[in-house]
Amino acid sequence: MANSLVIVESPAKVKTIRKFLGSNYTVDASNGHVRDLPKSTMGISVENDYEPKYITIRGKGDILAKLRKEVKKADKIYLATDPDREGEAISWHLMKALKLDELKDKKIYRISFNEITKNAVKTALKNPRDIDMNLVDAQQARRILDRMMGYTISPLLWAKVKRGLSAGRVQSVALRMICDREDEISAFIPEEYWNLEADLLQKGSKKALRAKFYGKNGERLAISGKEQLDGILNELEGQTYTVTEVKPGQRTKKPPIPFTTSTLQQEASKVLNFSTQKTMRLAQQLYEGVDVKGHGTIGLITYLRTDSTRIAEEADQAARAYIGSAYGENYVLKEEQARKNGGKIQDAHEAIRPTDITLTPVQVKESLSRDQFRLYQLIWKRFAASRMQPAIYDTTSVKVGAGDYEFSLSASRLAFDGFMSVYVQEDEKEEGGTLFGKLEKGDVLTLSALEPSQHFTQPPAHYTEASLVKALEEQGIGRPSTYAPTITTILARRYVTKENKNLYVTELGEAVNGIMKNCFASIVDTNFTANMELLLDKVADGSVKWKTIVENFYPDLDEAVKEAEKTLESVKIADEVSDVVCDQCGRQMVIKYGPHGKFLACPGFPDCKNTKPYLEKIGVACPKCGKDVVIKKTKKGRKYYGCEANPECDFMSWQKPSSETCPQCGSYMVEKGSKLLCSNEQCGYSTNIKTKTVE
């Protein structure tokens, strides 16, 4: 029989696929890409119609030599790399590196499968195809655009900030988004508002119902200050609290759609506290194959890089059969609902799902690591829930009148759990109120207490990895394969630091973002980047030539770089001399820039290598001990204000302290944009910095 060679990307897949095929098949791995642009030069011949110059990646020579030997023995060669642009490009590079297109006596095929199961692999072998050059060109265009940016802009950052920095088409936009969010937070001025709740007793009941203030004369009314609140409380004195409306109802909660790359990363971050990088690493392991007791090595989930919610007919029917058997037919989602729920849209990939719904998390738990199990369980539950009926709640909405004012309360009871018997999303957990007895229109309730509470509006939340991925996806920036490496890069470059899930920009990140915004405004523009992604999609579907995009992009980039060089040439970043004397040689220490921000160094380097932390004074005395307040950083690089006498004095503030004190409560004031705010949130006093007009 003819001998066939199947080349996959990862050695982990070799073991999984080998057991599906007979002895006349050889399975080997390329270990990812085998060719790339050179590291030492841009590798793109601008004068020669932007032709890329690919070279063999260092360390891949032995792998290619081994594959060439296997190619000689084979009659058929199947290129079985991943089912996406990157995988298509790897197959093309393998064909070029192994010179497969020059072999006349062998048959060369491209096959792809969305899951590594026996049925999927066998089906792919029966339906081979040619390499899709549109997908290859889309990947080439992306790689070349990124290389052009990195190769031309990074040296400017090296010269003006520090060596080792980089700019990227997606990473620079992600950094700008984080910086813009920091600016929004810094400029945010909190506004006061009040809530008012009434504890009301039904006749014969000792447990109070808590109703929320709604408004006046049927119109919703917000309480914005203490004076307004006091007026309302005065008018409520002596009023009778009467039920004016009782409205029973029903509410349905739809099941979730199956995971895409983005939604998996977001939910794994929120529920499991996984970074995007960790989620993708574990998902890759589950996709490539795990040795499961009683089943051997099998791929447990479908391909992990996808923005599709489509589910294959076979998997859909298997899920329905399983749910009907395990939970009952009344739990199975109707077919027309399933179509709306990521059902049968014809696109390239499926959503992320278990390859076999009958392999429940409990069955595979012993065969997986703790984190593999937690991620598999999340994927399995989400997919099972997506094929189940909605949850149904019985609801009761009550309105209570008190003079001209109105209060409201509501309660809900889970009548049918549906998909919630399997899966509840982290941000959709129910908090239903409770009614302790039947209420009817006209019932008079006894007021037990009125509970006012003061609040202040909150600034926008800092980005987390999950919310940044969501924002990138919503704005059309990047694609499923780019989210994790983008976040990993900006963290590794120390442009951004992570604390308690929140992402904070560092001084280094601010410096890089400033240069990018001033010199390369269009490149860090979200609309420009999103439009570029759409153009790359058009290359993938064959409607735009990849060189058309590159030849339109490069001249503008080249001009912008030349202008930036002129602009930055006049910017001489001389070392700033500090007032600190080197305690080793007596010179005046200078301020330097490092990966963690500013630090003090002796100008006598290399003769004197003394360095010290840089503590920048802000000209304000510590409210606790009177010494200087300085700018400090947490271990992860987040900026805050603290006393120079630390640890003897533990004063710290996330906002910049002022030398002024609050005239109402005596606490220190902090600067927030053009305002001074009392640091005591319970006080709420604020004033304009310039005019000092009380708000």
# chains A, B, ... in the order shown; residues from 1 in each chain; ligands from 1
>>> closest_atom_pairs(of="stretch 187-275 of chain A", to="stretch 400-421 of chain A", cutoff="9 Å", atoms="only C-alpha atoms", output="JSON lines")
{"residue": "A:Glu197", "atom": "CA", "partner": "A:Phe407", "partner_atom": "CA", "distance": 8.1}
{"residue": "A:Ala198", "atom": "CA", "partner": "A:Phe407", "partner_atom": "CA", "distance": 7.8}
{"residue": "A:Leu209", "atom": "CA", "partner": "A:Leu409", "partner_atom": "CA", "distance": 8.1}
{"residue": "A:Arg210", "atom": "CA", "partner": "A:Leu409", "partner_atom": "CA", "distance": 7.0}
{"residue": "A:Ala211", "atom": "CA", "partner": "A:Leu409", "partner_atom": "CA", "distance": 4.8}
{"residue": "A:Lys212", "atom": "CA", "partner": "A:Phe407", "partner_atom": "CA", "distance": 5.3}
{"residue": "A:Phe213", "atom": "CA", "partner": "A:Phe407", "partner_atom": "CA", "distance": 4.4}
{"residue": "A:Tyr214", "atom": "CA", "partner": "A:Phe407", "partner_atom": "CA", "distance": 4.9}
{"residue": "A:Gly215", "atom": "CA", "partner": "A:Glu406", "partner_atom": "CA", "distance": 5.4}
{"residue": "A:Lys216", "atom": "CA", "partner": "A:Tyr405", "partner_atom": "CA", "distance": 4.4}
{"residue": "A:Asn217", "atom": "CA", "partner": "A:Asp404", "partner_atom": "CA", "distance": 5.4}
{"residue": "A:Gly218", "atom": "CA", "partner": "A:Glu406", "partner_atom": "CA", "distance": 7.1}
{"residue": "A:Glu219", "atom": "CA", "partner": "A:Glu406", "partner_atom": "CA", "distance": 8.8}
{"residue": "A:Arg220", "atom": "CA", "partner": "A:Glu406", "partner_atom": "CA", "distance": 8.9}
{"residue": "A:Ile232", "atom": "CA", "partner": "A:Tyr405", "partner_atom": "CA", "distance": 8.5}
{"residue": "A:Glu235", "atom": "CA", "partner": "A:Gly403", "partner_atom": "CA", "distance": 8.0}
{"residue": "A:Leu236", "atom": "CA", "partner": "A:Ala402", "partner_atom": "CA", "distance": 6.8}
{"residue": "A:Gln239", "atom": "CA", "partner": "A:Ala402", "partner_atom": "CA", "distance": 5.6}
{"residue": "A:Thr240", "atom": "CA", "partner": "A:Ala402", "partner_atom": "CA", "distance": 5.6}
{"residue": "A:Tyr241", "atom": "CA", "partner": "A:Ala402", "partner_atom": "CA", "distance": 4.8}
{"residue": "A:Thr242", "atom": "CA", "partner": "A:Gly401", "partner_atom": "CA", "distance": 5.3}
{"residue": "A:Val243", "atom": "CA", "partner": "A:Val400", "partner_atom": "CA", "distance": 4.4}
{"residue": "A:Thr244", "atom": "CA", "partner": "A:Val400", "partner_atom": "CA", "distance": 5.4}
{"residue": "A:Glu245", "atom": "CA", "partner": "A:Val400", "partner_atom": "CA", "distance": 7.2}
{"residue": "A:Gln250", "atom": "CA", "partner": "A:Ser412", "partner_atom": "CA", "distance": 8.7}
{"residue": "A:Arg251", "atom": "CA", "partner": "A:Ser412", "partner_atom": "CA", "distance": 8.8}
{"residue": "A:Lys254", "atom": "CA", "partner": "A:Phe419", "partner_atom": "CA", "distance": 8.3}
{"residue": "A:Pro255", "atom": "CA", "partner": "A:Phe419", "partner_atom": "CA", "distance": 5.9}
{"residue": "A:Pro256", "atom": "CA", "partner": "A:Phe419", "partner_atom": "CA", "distance": 8.5}
>>> closest_atom_pairs(of="stretch 119-166 of chain A", to="stretch 101-110 of chain A", cutoff="8 Å", atoms="only C-alpha atoms", output="tab-separated table")
residue	atom	partner	partner_atom	distance
A:Pro128	CA	A:Tyr109	CA	5.7
A:Arg129	CA	A:Arg110	CA	5.2
A:Asp130	CA	A:Arg110	CA	5.5
A:Ile131	CA	A:Arg110	CA	5.6
>>> write_last_selection(atoms="N, CA, C and O atoms", output="mmCIF file, in the first residue's frame")
data_model
loop_
_atom_site.group_PDB
_atom_site.id
_atom_site.type_symbol
_atom_site.label_atom_id
_atom_site.label_comp_id
_atom_site.auth_asym_id
_atom_site.auth_seq_id
_atom_site.Cartn_x
_atom_site.Cartn_y
_atom_site.Cartn_z
ATOM 1 N N PRO A 128 -9.403 15.983 0.926
ATOM 2 C CA PRO A 128 -8.247 16.879 0.862
ATOM 3 C C PRO A 128 -8.512 18.029 -0.106
ATOM 4 O O PRO A 128 -9.422 17.969 -0.934
ATOM 5 N N ARG A 129 -7.707 19.067 -0.008
ATOM 6 C CA ARG A 129 -7.860 20.237 -0.878
ATOM 7 C C ARG A 129 -6.490 20.838 -1.160
ATOM 8 O O ARG A 129 -5.473 20.353 -0.655
ATOM 9 N N ASP A 130 -6.474 21.900 -1.942
ATOM 10 C CA ASP A 130 -5.244 22.651 -2.175
ATOM 11 C C ASP A 130 -5.062 23.683 -1.065
ATOM 12 O O ASP A 130 -6.014 24.025 -0.351
ATOM 13 N N ILE A 131 -3.859 24.197 -0.930
ATOM 14 C CA ILE A 131 -3.614 25.281 0.026
ATOM 15 C C ILE A 131 -4.404 26.510 -0.420
ATOM 16 O O ILE A 131 -4.422 26.854 -1.601
#
>>> atom_distance(atom1="atom CA of A:Ile689", atom2="atom CA of A:Glu671")
8.1 Å
>>> closest_residue(among="A:Gly168, A:Gly476, A:Pro11, A:Gly626", to="A:Phe520", atoms="only C-alpha atoms")
A:Gly168
>>> residues_around(residues="A:Pro361", least_positions_apart="5", cutoff="7 Å", atoms="only C-alpha atoms", output="PyMOL selection string")
chain A and resi 373+376-377
>>> select_by_dssp(residues="stretch 313-461 of chain A", states="alpha helix (DSSP H)", output="PyMOL selection string")
chain A and resi 313-326+335-340+361-364+370-386
>>> closest_residue(among="A:Ala385, A:Leu439, A:Leu472, A:Val362", to="A:Lys399", atoms="only C-alpha atoms")
A:Leu439
>>> closest_residue(among="A:Tyr393, A:Leu300, A:Ala124, A:Gln284", to="A:Gln363", atoms="only C-alpha atoms")
A:Leu300
>>> closest_residue(among="A:Val332, A:Ala283, A:Ala540, A:Met669", to="A:Leu135", atoms="only C-alpha atoms")
A:Ala540
>>> residues_around(residues="stretch 319-329 of chain A", least_positions_apart="6", cutoff="10 Å", atoms="only C-alpha atoms", output="ChimeraX atom specification")
/A:313,335,354,356-358,383-389,418,421-422
>>> write_last_selection(atoms="all heavy atoms", output="compact mmCIF listing (two decimals), in the first residue's frame")
# COMPACT_ATOMS: atom_id res chain seq x y z
N GLU A 313 -23.91 20.12 12.88
CA GLU A 313 -25.17 19.37 13.02
C GLU A 313 -25.00 18.14 13.90
O GLU A 313 -25.82 17.86 14.79
CB GLU A 313 -25.66 18.97 11.62
CG GLU A 313 -26.95 18.18 11.61
CD GLU A 313 -28.17 19.03 11.93
OE1 GLU A 313 -28.18 20.22 11.56
OE2 GLU A 313 -29.09 18.50 12.57
N GLU A 335 -35.29 23.32 18.21
CA GLU A 335 -34.33 23.46 17.11
C GLU A 335 -34.28 24.88 16.55
O GLU A 335 -33.21 25.42 16.28
CB GLU A 335 -34.67 22.48 15.98
CG GLU A 335 -33.56 22.38 14.96
CD GLU A 335 -33.67 21.14 14.10
OE1 GLU A 335 -34.50 20.27 14.40
OE2 GLU A 335 -32.91 21.05 13.14
N PRO A 354 -16.94 20.82 23.66
CA PRO A 354 -16.33 19.50 23.86
C PRO A 354 -16.50 18.65 22.61
O PRO A 354 -17.52 18.75 21.92
CB PRO A 354 -17.12 18.91 25.04
CG PRO A 354 -18.38 19.70 25.11
CD PRO A 354 -18.09 21.04 24.55
N ASP A 356 -16.85 15.50 22.58
CA ASP A 356 -17.81 14.44 22.90
C ASP A 356 -18.57 14.85 24.16
O ASP A 356 -18.02 14.84 25.26
CB ASP A 356 -17.07 13.11 23.13
CG ASP A 356 -18.01 11.95 23.40
OD1 ASP A 356 -19.23 12.18 23.56
OD2 ASP A 356 -17.52 10.80 23.49
N ILE A 357 -19.85 15.22 24.00
CA ILE A 357 -20.65 15.72 25.12
C ILE A 357 -20.82 14.67 26.22
O ILE A 357 -21.01 15.01 27.39
CB ILE A 357 -22.04 16.20 24.61
CG1 ILE A 357 -22.82 16.93 25.70
CG2 ILE A 357 -22.85 15.04 24.06
CD1 ILE A 357 -22.34 18.28 26.05
N THR A 358 -20.70 13.40 25.85
CA THR A 358 -20.89 12.34 26.86
C THR A 358 -19.67 12.19 27.77
O THR A 358 -19.76 11.54 28.81
CB THR A 358 -21.19 10.98 26.19
OG1 THR A 358 -20.06 10.56 25.42
CG2 THR A 358 -22.42 11.07 25.30
N PHE A 383 -21.35 24.77 26.75
CA PHE A 383 -21.92 24.15 25.55
C PHE A 383 -23.22 23.42 25.88
O PHE A 383 -24.21 23.56 25.16
CB PHE A 383 -20.91 23.18 24.93
CG PHE A 383 -21.48 22.41 23.77
CD1 PHE A 383 -21.96 23.08 22.65
CD2 PHE A 383 -21.57 21.03 23.80
CE1 PHE A 383 -22.50 22.38 21.58
CE2 PHE A 383 -22.11 20.32 22.74
CZ PHE A 383 -22.58 20.99 21.62
N ALA A 384 -23.22 22.64 26.95
CA ALA A 384 -24.44 21.93 27.35
C ALA A 384 -25.58 22.92 27.59
O ALA A 384 -26.71 22.73 27.12
CB ALA A 384 -24.19 21.09 28.60
N ALA A 385 -25.27 24.02 28.28
CA ALA A 385 -26.29 25.04 28.59
C ALA A 385 -26.84 25.67 27.31
O ALA A 385 -28.03 26.00 27.22
CB ALA A 385 -25.70 26.11 29.49
N SER A 386 -25.98 25.82 26.29
CA SER A 386 -26.40 26.48 25.04
C SER A 386 -27.43 25.66 24.28
O SER A 386 -28.12 26.18 23.40
CB SER A 386 -25.19 26.74 24.14
OG SER A 386 -24.75 25.56 23.50
N ARG A 387 -27.58 24.37 24.59
CA ARG A 387 -28.56 23.50 23.91
C ARG A 387 -29.74 23.21 24.83
O ARG A 387 -30.52 22.29 24.60
CB ARG A 387 -27.94 22.17 23.49
CG ARG A 387 -26.68 22.14 22.69
CD ARG A 387 -26.28 23.39 22.02
NE ARG A 387 -26.68 23.51 20.63
CZ ARG A 387 -26.54 24.64 19.93
NH1 ARG A 387 -26.02 25.70 20.47
NH2 ARG A 387 -26.94 24.68 18.68
N MET A 388 -29.90 23.99 25.90
CA MET A 388 -30.97 23.75 26.87
C MET A 388 -31.98 24.90 26.87
O MET A 388 -31.70 26.00 26.41
CB MET A 388 -30.38 23.56 28.28
CG MET A 388 -29.50 22.32 28.38
SD MET A 388 -28.69 22.14 29.99
CE MET A 388 -30.07 21.51 30.96
N GLN A 389 -33.14 24.63 27.42
CA GLN A 389 -34.23 25.60 27.46
C GLN A 389 -33.90 26.80 28.35
O GLN A 389 -33.10 26.68 29.28
CB GLN A 389 -35.50 24.92 27.99
CG GLN A 389 -36.18 24.00 27.00
CD GLN A 389 -36.96 24.77 25.94
OE1 GLN A 389 -36.99 26.00 25.93
NE2 GLN A 389 -37.58 24.04 25.03
N GLY A 418 -34.17 25.31 33.78
CA GLY A 418 -33.65 25.21 32.41
C GLY A 418 -32.14 25.06 32.38
O GLY A 418 -31.56 24.23 33.10
N SER A 421 -29.60 24.84 35.44
CA SER A 421 -29.29 23.61 36.18
C SER A 421 -27.86 23.16 35.90
O SER A 421 -27.28 22.36 36.64
CB SER A 421 -30.26 22.48 35.79
OG SER A 421 -30.15 22.20 34.41
N VAL A 422 -27.28 23.72 34.82
CA VAL A 422 -25.91 23.36 34.43
C VAL A 422 -24.94 24.53 34.58
O VAL A 422 -23.81 24.36 35.04
CB VAL A 422 -25.89 22.89 32.95
CG1 VAL A 422 -24.47 22.66 32.46
CG2 VAL A 422 -26.71 21.63 32.79
>>> closest_residue(among="A:Ser166, A:Arg143, A:Pro390, A:Ile189", to="A:Thr252", atoms="only C-alpha atoms")
A:Pro390
>>> residues_around(residues="A:Leu676", least_positions_apart="4", cutoff="10 Å", atoms="only C-alpha atoms", output="ChimeraX atom specification")
/A:189,656-658,660-662,668-672,685-690,692,694
>>> residues_around(residues="stretch 169-175 of chain A", least_positions_apart="3", cutoff="9 Å", atoms="only C-alpha atoms", output="PyMOL selection string")
chain A and resi 145-146+149-150+166+178-180+468+472+477-478+482-483+485-487+489-490+495-496+505+509-510+512-513+516+523-526+529
>>> write_last_selection(atoms="N, CA and C atoms", output="mmCIF file, in the first residue's frame")
data_model
loop_
_atom_site.group_PDB
_atom_site.id
_atom_site.type_symbol
_atom_site.label_atom_id
_atom_site.label_comp_id
_atom_site.auth_asym_id
_atom_site.auth_seq_id
_atom_site.Cartn_x
_atom_site.Cartn_y
_atom_site.Cartn_z
ATOM 1 N N LEU A 145 2.928 43.834 7.643
ATOM 2 C CA LEU A 145 2.534 45.118 8.234
ATOM 3 C C LEU A 145 3.118 45.265 9.635
ATOM 4 N N ASP A 146 3.030 44.192 10.418
ATOM 5 C CA ASP A 146 3.581 44.232 11.777
ATOM 6 C C ASP A 146 5.099 44.416 11.752
ATOM 7 N N MET A 149 6.045 48.060 10.857
ATOM 8 C CA MET A 149 5.865 48.944 12.000
ATOM 9 C C MET A 149 6.970 48.752 13.024
ATOM 10 N N GLY A 150 7.189 47.499 13.392
ATOM 11 C CA GLY A 150 8.182 47.210 14.425
ATOM 12 C C GLY A 150 9.583 47.621 14.021
ATOM 13 N N SER A 166 9.255 48.190 21.915
ATOM 14 C CA SER A 166 8.710 47.860 20.600
ATOM 15 C C SER A 166 7.366 48.532 20.409
ATOM 16 N N ILE A 178 -5.695 51.631 27.109
ATOM 17 C CA ILE A 178 -5.468 51.586 28.560
ATOM 18 C C ILE A 178 -5.097 52.975 29.078
ATOM 19 N N CYS A 179 -4.249 53.687 28.331
ATOM 20 C CA CYS A 179 -3.864 55.055 28.725
ATOM 21 C C CYS A 179 -5.071 55.986 28.708
ATOM 22 N N ASP A 180 -5.900 55.874 27.676
ATOM 23 C CA ASP A 180 -7.097 56.723 27.592
ATOM 24 C C ASP A 180 -8.030 56.455 28.767
ATOM 25 N N LEU A 468 -10.530 44.189 28.553
ATOM 26 C CA LEU A 468 -9.730 44.680 27.426
ATOM 27 C C LEU A 468 -9.980 43.812 26.192
ATOM 28 N N LEU A 472 -11.427 45.223 22.728
ATOM 29 C CA LEU A 472 -10.711 45.019 21.462
ATOM 30 C C LEU A 472 -11.631 44.358 20.442
ATOM 31 N N ILE A 477 -10.605 45.302 16.728
ATOM 32 C CA ILE A 477 -9.140 45.391 16.726
ATOM 33 C C ILE A 477 -8.561 44.022 17.047
ATOM 34 N N GLY A 478 -7.709 43.515 16.168
ATOM 35 C CA GLY A 478 -7.133 42.197 16.386
ATOM 36 C C GLY A 478 -8.127 41.102 16.041
ATOM 37 N N THR A 482 -4.861 36.963 18.329
ATOM 38 C CA THR A 482 -3.962 38.053 18.722
ATOM 39 C C THR A 482 -4.191 38.586 20.128
ATOM 40 N N TYR A 483 -5.357 38.306 20.737
ATOM 41 C CA TYR A 483 -5.668 38.916 22.034
ATOM 42 C C TYR A 483 -4.640 38.549 23.102
ATOM 43 N N PRO A 485 -1.461 37.140 22.900
ATOM 44 C CA PRO A 485 -0.094 37.644 22.710
ATOM 45 C C PRO A 485 0.022 39.158 22.829
ATOM 46 N N THR A 486 -1.030 39.898 22.459
ATOM 47 C CA THR A 486 -0.994 41.364 22.597
ATOM 48 C C THR A 486 -0.876 41.758 24.061
ATOM 49 N N ILE A 487 -1.719 41.178 24.912
ATOM 50 C CA ILE A 487 -1.694 41.502 26.347
ATOM 51 C C ILE A 487 -0.387 41.030 26.975
ATOM 52 N N THR A 489 2.493 40.801 25.555
ATOM 53 C CA THR A 489 3.582 41.689 25.113
ATOM 54 C C THR A 489 3.613 42.982 25.914
ATOM 55 N N ILE A 490 2.465 43.642 26.080
ATOM 56 C CA ILE A 490 2.492 44.936 26.782
ATOM 57 C C ILE A 490 2.799 44.757 28.269
ATOM 58 N N TYR A 495 4.966 48.106 29.845
ATOM 59 C CA TYR A 495 4.154 49.273 29.524
ATOM 60 C C TYR A 495 2.954 49.317 30.466
ATOM 61 N N VAL A 496 2.552 48.143 30.879
ATOM 62 C CA VAL A 496 1.360 47.979 31.709
ATOM 63 C C VAL A 496 1.693 47.009 32.823
ATOM 64 N N VAL A 505 -1.312 51.537 33.594
ATOM 65 C CA VAL A 505 -0.201 51.960 32.738
ATOM 66 C C VAL A 505 0.957 52.415 33.629
ATOM 67 N N GLY A 509 5.070 53.042 29.938
ATOM 68 C CA GLY A 509 3.945 52.951 29.010
ATOM 69 C C GLY A 509 3.437 54.316 28.598
ATOM 70 N N GLU A 510 3.381 55.244 29.565
ATOM 71 C CA GLU A 510 2.948 56.611 29.262
ATOM 72 C C GLU A 510 3.909 57.289 28.281
ATOM 73 N N VAL A 512 5.948 55.827 26.054
ATOM 74 C CA VAL A 512 5.824 55.205 24.726
ATOM 75 C C VAL A 512 4.524 55.649 24.058
ATOM 76 N N ASN A 513 3.434 55.651 24.810
ATOM 77 C CA ASN A 513 2.139 56.056 24.250
ATOM 78 C C ASN A 513 2.177 57.516 23.802
ATOM 79 N N MET A 516 3.919 57.654 20.460
ATOM 80 C CA MET A 516 3.066 57.069 19.418
ATOM 81 C C MET A 516 1.920 58.006 19.040
ATOM 82 N N ILE A 523 -1.734 55.456 13.334
ATOM 83 C CA ILE A 523 -1.439 54.051 13.641
ATOM 84 C C ILE A 523 -2.069 53.620 14.958
ATOM 85 N N VAL A 524 -2.140 54.533 15.931
ATOM 86 C CA VAL A 524 -2.757 54.167 17.214
ATOM 87 C C VAL A 524 -4.219 54.607 17.263
ATOM 88 N N ASP A 525 -4.781 54.945 16.106
ATOM 89 C CA ASP A 525 -6.198 55.279 16.025
ATOM 90 C C ASP A 525 -7.003 53.988 15.922
ATOM 91 N N THR A 526 -8.008 53.844 16.781
ATOM 92 C CA THR A 526 -8.767 52.584 16.818
ATOM 93 C C THR A 526 -9.509 52.329 15.508
ATOM 94 N N THR A 529 -7.069 51.017 12.826
ATOM 95 C CA THR A 529 -6.681 49.626 13.071
ATOM 96 C C THR A 529 -7.829 48.671 12.761
#
>>> atom_distance(atom1="atom CA of A:Lys53", atom2="atom CA of A:Asn134")
19.1 Å
>>> residues_around(residues="A:Asp199", least_positions_apart="3", cutoff="9 Å", atoms="only C-alpha atoms", output="JSON list (two decimals) with N, CA and C atoms, in the first residue's frame")
[["chain", "number", "residue", "atom", "x", "y", "z"],
["A", 208, "ALA", "N", -39.96, 42.97, 57.77],
["A", 208, "ALA", "CA", -40.22, 44.15, 56.94],
["A", 208, "ALA", "C", -39.88, 43.88, 55.47],
["A", 209, "LEU", "N", -40.67, 44.49, 54.59],
["A", 209, "LEU", "CA", -40.37, 44.52, 53.16],
["A", 209, "LEU", "C", -39.57, 45.79, 52.88],
["A", 210, "ARG", "N", -38.54, 45.67, 52.09],
["A", 210, "ARG", "CA", -37.72, 46.86, 51.79],
["A", 210, "ARG", "C", -38.07, 47.37, 50.40],
["A", 211, "ALA", "N", -38.64, 48.59, 50.38],
["A", 211, "ALA", "CA", -39.03, 49.22, 49.12],
["A", 211, "ALA", "C", -38.07, 50.36, 48.79],
["A", 446, "THR", "N", -47.37, 49.46, 57.17],
["A", 446, "THR", "CA", -46.89, 50.30, 58.27],
["A", 446, "THR", "C", -45.41, 50.62, 58.07],
["A", 447, "LEU", "N", -45.07, 51.90, 58.13],
["A", 447, "LEU", "CA", -43.67, 52.30, 57.98],
["A", 447, "LEU", "C", -42.90, 51.95, 59.24],
["A", 448, "SER", "N", -41.85, 51.13, 59.07],
["A", 448, "SER", "CA", -40.98, 50.78, 60.19],
["A", 448, "SER", "C", -39.80, 51.74, 60.28],
["A", 449, "ALA", "N", -39.21, 52.06, 59.10],
["A", 449, "ALA", "CA", -38.06, 52.98, 59.09],
["A", 449, "ALA", "C", -37.82, 53.47, 57.67],
["A", 450, "LEU", "N", -37.30, 54.70, 57.58],
["A", 450, "LEU", "CA", -36.80, 55.23, 56.31],
["A", 450, "LEU", "C", -35.29, 55.27, 56.40],
["A", 451, "GLU", "N", -34.61, 54.66, 55.42],
["A", 451, "GLU", "CA", -33.15, 54.53, 55.45],
["A", 451, "GLU", "C", -32.51, 55.27, 54.28]]
